[in-house]
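Peer 1: Below you'll find final-v7.txt; it's compact mmCIF, C-alpha atoms.
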# COMPACT_ATOMS: atom_id res chain seq x y z
CA MET D 244 66.33 9.04 71.10
CA ASP D 245 63.95 6.50 71.71
CA HIS D 246 61.49 6.59 74.60
CA SER D 247 61.07 2.94 74.62
CA LEU D 248 64.48 2.27 76.03
CA SER D 249 64.80 1.50 79.61
CA LEU D 250 66.19 3.95 82.02
CA PRO D 251 69.55 2.36 82.58
CA THR D 252 70.01 2.02 78.88
CA TYR D 253 69.13 5.64 78.39
CA PHE D 254 71.75 6.77 80.80
CA GLU D 255 74.33 4.56 79.26
CA GLY D 256 73.63 6.03 75.87
CA THR D 257 73.75 9.50 77.22
CA ILE D 258 77.01 8.81 78.90
CA GLU D 259 78.42 7.46 75.71
CA GLU D 260 77.19 10.50 73.83
CA ALA D 261 78.70 12.77 76.37
CA ASN D 262 81.99 11.02 76.08
CA THR D 263 81.89 11.30 72.34
CA LEU D 264 81.18 14.99 72.48
CA ARG D 265 84.56 15.67 73.94
CA VAL D 266 84.05 18.05 76.73
CA PRO D 267 87.03 20.30 76.98
CA ASP D 268 89.37 19.76 79.81
CA PRO D 269 88.48 22.15 82.68
CA SER D 270 92.13 22.67 83.50
CA LYS D 271 92.73 24.17 80.03
CA ALA D 272 89.82 26.57 80.52
CA ILE D 273 91.21 27.61 83.89
CA VAL D 274 94.65 28.23 82.39
CA LYS D 275 93.09 30.25 79.58
CA PHE D 276 90.96 32.18 82.09
CA ARG D 277 94.01 32.88 84.26
CA ALA D 278 95.98 34.10 81.20
CA GLU D 279 93.16 36.44 80.25
CA LEU D 280 92.88 37.57 83.88
CA SER D 281 96.61 38.18 83.98
CA GLN D 282 96.39 40.26 80.79
CA CYS D 283 93.49 42.25 82.23
CA GLU D 284 95.41 42.83 85.46
CA ALA D 285 98.48 43.99 83.47
CA LYS D 286 96.27 46.28 81.41
CA LEU D 287 94.63 47.57 84.60
CA SER D 288 98.05 48.16 86.15
CA ARG D 289 99.19 49.99 83.03
CA VAL D 290 96.02 52.11 82.92
CA SER D 291 96.34 52.76 86.66
CA GLY D 292 99.94 53.93 86.11
CA GLU D 293 98.79 56.16 83.27
CA LYS D 294 96.05 57.50 85.52
CA LYS D 295 98.62 58.37 88.19
CA SER D 296 100.83 59.98 85.55
CA LEU D 297 97.90 61.99 84.21
CA ARG D 298 96.95 63.08 87.72
CA LEU D 299 100.54 64.16 88.35
CA LEU D 300 100.59 65.99 85.01
CA CYS D 301 97.24 67.59 85.77
CA SER D 302 98.53 68.68 89.19
CA LYS D 303 101.65 70.18 87.58
CA LYS D 304 99.53 71.96 85.00
CA LYS D 305 97.28 73.34 87.75
CA GLU D 306 100.39 74.69 89.55
CA GLU D 307 101.69 76.17 86.30
CA LEU D 308 98.28 77.73 85.66
CA LYS D 309 98.25 79.13 89.20
CA ASP D 310 101.76 80.56 88.67
CA LEU D 311 100.72 82.02 85.30
CA ARG D 312 97.70 83.66 86.91
CA VAL D 313 99.97 85.19 89.57
CA GLU D 314 102.35 86.42 86.84
CA LEU D 315 99.40 87.79 84.87
CA ALA D 316 98.18 89.67 87.94
CA LYS D 317 101.69 91.08 88.47
CA ALA D 318 101.93 92.02 84.80
CA ARG D 319 98.59 93.80 84.97
CA LYS D 320 99.71 95.61 88.11
CA ASN D 321 103.00 96.55 86.45
CA GLU D 322 101.10 97.69 83.37
CA SER D 323 98.90 99.97 85.46
CA GLU D 324 101.98 101.29 87.29
CA ILE D 325 103.68 101.90 83.94
CA ASP D 326 100.57 103.70 82.72
CA GLU D 327 100.63 105.88 85.85
CA GLN D 328 104.33 106.58 85.38
CA ALA D 329 103.75 107.43 81.71
CA LYS D 330 101.01 109.83 82.79
CA LYS D 331 103.36 111.42 85.36
CA ILE D 332 106.09 111.68 82.71
CA LYS D 333 103.69 113.47 80.36
CA GLU D 334 102.72 115.85 83.16
CA LEU D 335 106.39 116.50 83.94
CA GLU D 336 107.15 117.06 80.26
CA THR D 337 104.31 119.58 80.10
CA GLU D 338 105.60 121.28 83.24
CA LEU D 339 109.13 121.28 81.81
CA ALA D 340 107.93 122.86 78.57
CA ARG D 341 106.08 125.52 80.56
CA ALA D 342 109.20 126.14 82.70
CA ARG D 343 111.36 126.41 79.57
CA ALA D 344 108.95 128.94 78.09
CA GLU D 345 109.04 130.91 81.34
CA ALA D 346 112.86 130.74 81.33
CA VAL D 347 113.01 132.02 77.76
CA GLN D 348 110.64 134.84 78.70
CA ALA D 349 112.65 135.64 81.86
CA LYS D 350 115.87 135.64 79.83
CA ALA D 351 114.36 138.03 77.32
CA GLU D 352 113.18 140.30 80.14
CA ALA D 353 116.61 140.11 81.79
CA GLU D 354 118.31 141.05 78.53
CA LYS D 355 115.86 143.91 78.11
CA THR D 356 116.52 145.04 81.69
CA LYS D 357 120.28 144.72 81.17
CA ALA D 358 120.08 146.82 78.02
CA ALA D 359 118.02 149.43 79.86
CA THR D 360 120.49 149.35 82.78
CA ASP D 361 123.47 149.70 80.43
CA LYS D 362 121.75 152.61 78.71
CA ALA D 363 121.00 154.24 82.08
CA ILE D 364 124.60 153.75 83.22
CA ALA D 365 125.84 155.32 79.99
CA GLU D 366 123.41 158.21 80.44
CA ILE D 367 124.53 158.69 84.07
CA ALA D 368 128.18 158.66 83.02
CA GLU D 369 127.41 161.19 80.30
CA ALA D 370 125.49 163.37 82.77
CA LYS D 371 128.39 163.21 85.25
CA ALA D 372 130.81 164.14 82.51
CA GLN D 373 128.60 167.06 81.50
CA LYS D 374 128.24 168.10 85.15
CA THR D 375 132.01 168.02 85.58
CA ASP D 376 132.50 169.98 82.40
CA ALA D 377 129.88 172.49 83.53
CA ARG D 378 131.53 172.91 86.94
CA PHE D 379 134.86 173.40 85.28
CA LEU D 380 133.44 176.02 83.01
CA VAL D 381 131.58 177.70 85.88
CA SER D 382 134.66 177.68 88.10
CA SER D 383 136.71 179.13 85.25
CA ASP D 384 134.18 181.88 84.72
CA ASP D 385 133.97 182.54 88.48
CA GLU D 386 137.73 182.94 88.70
CA ASP D 387 137.68 185.40 85.86
CA VAL D 388 134.77 187.36 87.40
CA VAL D 389 136.31 187.45 90.88
CA SER D 390 139.67 188.53 89.63
CA GLY D 391 138.04 191.24 87.60
CA SER D 392 139.74 190.24 84.46
CA ARG D 393 137.16 189.95 81.88
CA ASP D 394 139.65 190.73 79.31
CA GLY D 395 141.65 187.59 80.07
CA GLU D 396 143.74 188.93 82.88
CA GLY D 397 144.38 186.37 85.56
CA GLU D 398 145.82 186.19 89.02
CA GLU D 399 148.98 187.77 87.82
CA ASP D 400 147.28 191.13 88.18
CA VAL D 401 146.77 190.67 91.92
CA ILE D 402 149.26 192.53 94.04
CA GLU D 403 151.83 190.47 95.68
CA GLY D 404 151.02 189.53 99.25
CA GLU D 405 147.28 189.91 98.70
CA GLU D 406 145.13 186.91 98.13
CA ALA D 407 142.88 186.73 95.22
CA PRO D 408 139.27 187.41 96.31
CA GLU D 409 138.17 183.94 95.27
CA ASP D 410 140.75 182.37 97.59
CA ARG D 411 139.32 184.29 100.53
CA ALA D 412 135.75 183.38 99.71
CA THR D 413 136.38 179.66 99.35
CA GLU D 414 138.78 179.17 102.18
CA GLY D 415 137.79 175.97 104.13
CA VAL D 416 134.93 175.12 101.78
CA VAL D 417 134.91 171.64 100.22
CA PRO D 418 133.34 171.39 96.79
CA GLU D 419 130.31 169.08 96.21
CA ASP D 420 132.18 166.32 94.45
CA ASP D 421 134.95 166.17 97.11
CA THR D 422 137.64 167.33 94.69
CA PRO D 423 139.99 170.08 95.82
CA ARG D 424 139.38 173.43 94.18
CA GLY D 425 141.37 173.93 91.04
CA VAL D 426 141.78 170.15 90.45
CA THR D 427 139.65 168.65 87.75
CA PRO D 428 138.51 165.09 88.31
CA LYS D 429 139.67 162.41 85.93
CA ILE D 430 136.90 161.32 83.54
CA ASP D 431 136.97 157.76 82.32
Translate the structure described by the file into structure tokens.
Peer 2:
Amino acid sequence: MDHSLSLPTYFEGTIEEANTLRVPDPSKAIVKFRAELSQCEAKLSRVSGEKKSLRLLCSKKKEELKDLRVELAKARKNESEIDEQAKKIKELETELARARAEAVQAKAEAEKTKAATDKAIAEIAEAKAQKTDARFLVSSDDEDVVSGSRDGEGEEDVIEGEEAPEDRATEGVVPEDDTPRGVTPKID
């Protein structure tokens, strides 16, 4: 550019240059800007939707985490209760084993006592049988002594109408074992 040109000429040249430069149409730039703006708004809307979805998901996960913590607390409580019950079961098993041992010991003692009782009963029965036999023998000997028949004579030697001396002596007397005189008790 030349500085020697006059001002009006300068402006004319500048105007011509400007025209030749082809300035883009402002309406095209606005349309392009609006398209880009529209894309950005769509992207913002999509990201905003994703943000809402992520917040919802995060909220759900927080609830699930809260529920899992509650379940974990319950599980720990149940575990401690189960441990206590297992401890009680072990104590009861120990007590049961001790009771079984005591029962076995008591059974052995009962069997021992029963055997001793059976032996004592047998000994008592034997003693009663011997006592009865002894009484029978004594009463037989007494009858022989009273009748005066040491040689085997019996009551046949007593005169008719007279009582044998033993009958007079024992009249109205009840023997010790409540059996009538002359009757031997039955021995089982």
Peer 1: Could you work out how far atom CA of Ser323 of chain D lies from atom CA of Ala342 of chain D, giving the answer in Å with one decimal?
Peer 2: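 Result for atom CA of Ala342 of chain D versus atom CA of Ser323 of chain D: 28.3 Å, one decimal.
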Peer 1: Enter the distance from atom CA of Ala358 of chain D to atom CA of Ala346 of chain D, in Å, rounded to one decimal.
Peer 2: 17.9 Å
Peer 1: For atom CA of Lys350 of chain D and atom CA of Ala368 of chain D, determine how far apart the two atoms are, in Å to one decimal place.
Peer 2: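 Atom CA of Ala368 of chain D lies 26.3 Å from atom CA of Lys350 of chain D.
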